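So this block is query-v5.txt, compact mmCIF, C-alpha atoms:
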```
# COMPACT_ATOMS: atom_id res chain seq x y z
CA ASN A 1 12.61 -13.13 8.25
CA ALA A 2 9.24 -13.13 6.54
CA GLU A 3 7.19 -12.76 9.72
CA TYR A 4 9.12 -9.65 10.73
CA MET A 5 8.73 -8.20 7.23
CA GLY A 6 4.99 -8.83 7.31
CA ARG A 7 4.61 -7.10 10.66
CA ALA A 8 6.71 -4.14 9.52
CA PHE A 9 4.64 -3.94 6.32
CA VAL A 10 1.38 -3.78 8.29
CA ALA A 11 2.85 -1.26 10.77
CA ALA A 12 3.88 0.93 7.83
CA GLY A 13 0.31 0.71 6.55
CA LEU A 14 -0.89 1.96 9.92
CA PHE A 15 1.48 4.92 9.58
CA MET A 16 -0.01 5.66 6.16
CA ALA A 17 -3.58 5.45 7.45
CA LEU A 18 -2.84 7.54 10.54
CA GLY A 19 -0.92 10.13 8.52
CA SER A 20 -3.78 10.41 6.03
CA LEU A 21 -6.33 10.76 8.80
CA LEU A 22 -4.29 13.43 10.59
CA SER A 23 -3.78 15.25 7.26
CA ALA A 24 -7.53 15.34 6.74
CA LEU A 25 -8.14 16.68 10.23
CA ALA A 26 -5.21 19.12 10.33
CA GLY A 27 -6.10 22.58 11.56
CA SER A 28 -2.86 24.21 10.44
CA PHE A 29 -0.27 23.83 7.74
CA VAL A 30 2.37 22.68 10.23
CA VAL A 31 0.14 19.83 11.47
CA PHE A 32 -0.68 18.93 7.85
CA LEU A 33 3.02 18.89 6.96
CA LEU A 34 3.94 16.65 9.92
CA ALA A 35 1.01 14.31 9.24
CA ASN A 36 1.97 14.09 5.58
CA CYS A 37 5.54 13.22 6.61
CA LEU A 38 4.12 10.38 8.74
CA ARG A 39 2.06 9.15 5.77
CA VAL A 40 5.05 9.24 3.44
CA ILE A 41 7.26 7.42 5.95
CA GLY A 42 4.69 4.62 6.00
CA GLY A 43 4.47 4.50 2.21
CA THR A 44 8.20 4.40 1.58
CA THR A 45 8.63 1.75 4.28
CA GLN A 46 5.97 -0.38 2.61
CA GLN A 47 7.68 -0.01 -0.76
CA SER A 48 11.04 -1.01 0.70
CA TYR A 49 9.66 -4.08 2.45
CA ALA A 50 7.59 -5.08 -0.57
CA ARG A 51 10.69 -5.08 -2.75
CA ALA A 52 12.66 -6.97 -0.10
CA MET A 53 9.92 -9.60 0.05
CA LEU A 54 9.91 -9.88 -3.74
CA GLN A 55 13.67 -10.35 -3.75
CA GLU A 56 13.34 -13.12 -1.16
CA ILE A 57 10.54 -14.96 -2.95
CA VAL A 58 11.15 -14.53 -6.70
CA PRO A 59 13.74 -16.76 -8.40
CA GLY A 60 16.77 -14.92 -9.75
CA VAL A 61 16.09 -15.94 -13.34
CA ILE A 62 12.93 -13.82 -13.57
CA ARG A 63 13.57 -11.33 -10.76
CA GLY A 64 14.42 -8.44 -13.11
CA ARG A 65 11.17 -8.86 -15.01
CA VAL A 66 9.14 -9.05 -11.81
CA PHE A 67 10.76 -5.88 -10.47
CA ALA A 68 10.08 -4.11 -13.78
CA ILE A 69 6.41 -5.13 -13.65
CA ASP A 70 6.22 -4.04 -10.00
CA LEU A 71 7.66 -0.62 -10.78
CA ALA A 72 5.45 -0.17 -13.85
CA ALA A 73 2.32 -1.17 -11.89
CA PHE A 74 3.24 1.20 -9.06
CA THR A 75 3.77 4.08 -11.50
CA VAL A 76 0.45 3.48 -13.26
CA VAL A 77 -1.54 3.07 -10.03
CA TYR A 78 0.06 6.15 -8.46
CA SER A 79 -0.64 8.26 -11.56
CA VAL A 80 -4.24 7.09 -11.83
CA SER A 81 -4.86 7.66 -8.11
CA VAL A 82 -3.58 11.24 -8.33
CA LEU A 83 -5.78 11.81 -11.38
CA LEU A 84 -8.84 10.31 -9.71
CA THR A 85 -8.32 12.23 -6.49
CA GLY A 86 -7.68 15.55 -8.20
CA GLN A 87 -9.99 15.43 -11.18
CA LEU A 88 -12.83 13.20 -10.07
CA LEU A 89 -13.22 13.80 -6.35
CA LEU A 90 -12.15 17.44 -6.09
CA ASP A 91 -13.11 18.95 -9.45
CA HIS A 92 -16.13 16.95 -10.66
CA LEU A 93 -17.71 15.71 -7.43
CA ARG A 94 -16.76 18.90 -5.53
CA TRP A 95 -15.36 17.10 -2.50
CA THR A 96 -13.35 19.16 -0.06
CA PRO A 97 -9.65 18.28 0.27
CA SER A 98 -10.37 17.04 3.81
CA ALA A 99 -13.07 14.67 2.55
CA ALA A 100 -10.72 13.35 -0.13
CA MET A 101 -8.00 12.76 2.49
CA LEU A 102 -10.54 10.93 4.67
CA ALA A 103 -11.29 8.67 1.71
CA VAL A 104 -7.55 8.07 1.27
CA ALA A 105 -7.26 7.29 4.99
CA ALA A 106 -10.13 4.81 4.73
CA ALA A 107 -8.50 3.14 1.72
CA ASN A 108 -5.18 2.93 3.57
CA ALA A 109 -6.89 1.44 6.64
CA ALA A 110 -8.71 -1.12 4.47
CA ASN A 111 -5.42 -2.04 2.79
CA CYS A 112 -3.81 -2.42 6.21
CA VAL A 113 -6.55 -4.80 7.38
CA PHE A 114 -6.30 -6.80 4.15
CA MET A 115 -2.52 -7.11 4.47
CA ALA A 116 -2.74 -8.07 8.16
CA VAL A 117 -5.16 -10.89 7.30
CA TYR A 118 -2.95 -11.96 4.40
CA PHE A 119 0.22 -12.10 6.48
CA LEU A 120 -1.57 -13.81 9.34
CA PHE A 121 -3.30 -16.56 7.34
CA TRP A 122 -1.84 -16.97 3.85
CA SER A 123 1.71 -15.69 3.50
CA HIS A 124 3.23 -18.80 5.06
CA ARG A 125 1.65 -21.12 2.50
CA THR A 126 3.98 -22.98 0.16
CA ARG A 127 1.31 -23.72 -2.43
CA PRO A 128 -1.61 -21.73 -3.86
CA LEU A 129 -5.01 -21.84 -2.16
CA PHE A 130 -6.40 -23.28 -5.38
CA ILE A 131 -4.92 -24.44 -8.65
CA PRO A 132 -6.92 -23.23 -11.65
CA ARG A 133 -7.88 -25.92 -14.13
CA LEU A 134 -6.86 -25.19 -17.68
```

Whole structure, structure tokens version:
Amino acid sequence: NAEYMGRAFVAAGLFMALGSLLSALAGSFVVFLLANCLRVIGGTTQQSYARAMLQEIVPGVIRGRVFAIDLAAFTVVYSVSVLLTGQLLLDHLRWTPSAAMLAVAAANAANCVFMAVYFLFWSHRTRPLFIPRL
């Protein structure tokens, strides 16, 4: 059900945030590798549940288009985030890899808080919070 999916989605976000934090603080390659595995487990779980929620919510007539937009948006955001992390933070601003991973961990934690608030207060709504006037 939707409540279970929302909780699993937030828990996966916690895995991502914790994995990113542990990656930033890793003192050895083995710890970094294990922490990165934890981060990736959280990310793939979030992707799976996000697509399951889309399939549950979106009408079949437009579902293919919505999934295509979702995949395209994910690809663009992922590519831009890799570019920003590598080129901007590491090369131009001279951040250390640990500092960049701490920033990623903070972003993952913020996303987790945002999603927890969303699932707690708004996901059960059957109508929009506001209807824009045209």

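Excluding Phe121 in chain A itself and any same-chain residue fewer than 5 positions from it, the protein and nucleic acid residues within 12 Å of it, counting all atoms listed in the file, are Glu3, Gly6, Phe114, Met115, Ala116 and Leu129 of chain A.
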
Same residues, C-alpha atoms, output as a PDB file, in the frame of the given file:
```pdb
ATOM      1  CA  GLU A   3       7.190 -12.760   9.720  1.00  0.00           C
ATOM      2  CA  GLY A   6       4.990  -8.830   7.310  1.00  0.00           C
ATOM      3  CA  PHE A 114      -6.300  -6.800   4.150  1.00  0.00           C
ATOM      4  CA  MET A 115      -2.520  -7.110   4.470  1.00  0.00           C
ATOM      5  CA  ALA A 116      -2.740  -8.070   8.160  1.00  0.00           C
ATOM      6  CA  LEU A 129      -5.010 -21.840  -2.160  1.00  0.00           C
TER       7      LEU A 129
END
```

Exercise. Would you mind reading off the distance between CA of Met5 in chain A and CA of Pro59 in chain A, one decimal, in Å?
Key: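 So the answer is 18.5 Å.
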
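What separates CA of Leu21 in chain A from CA of Val113 in chain A is a distance of 15.6 Å.
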
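From CA of Val104 in chain A back to CA of Asn36 in chain A, the distance works out to 12.1 Å.
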
Quiz prompt | Ala105 in chain A surroundings by all atoms listed in the file, 10 Å radius, close-in-sequence under 2 positions cut, as a PyMOL selection string | solution = chain A and resi 14+16-24+39+99-103+107-111
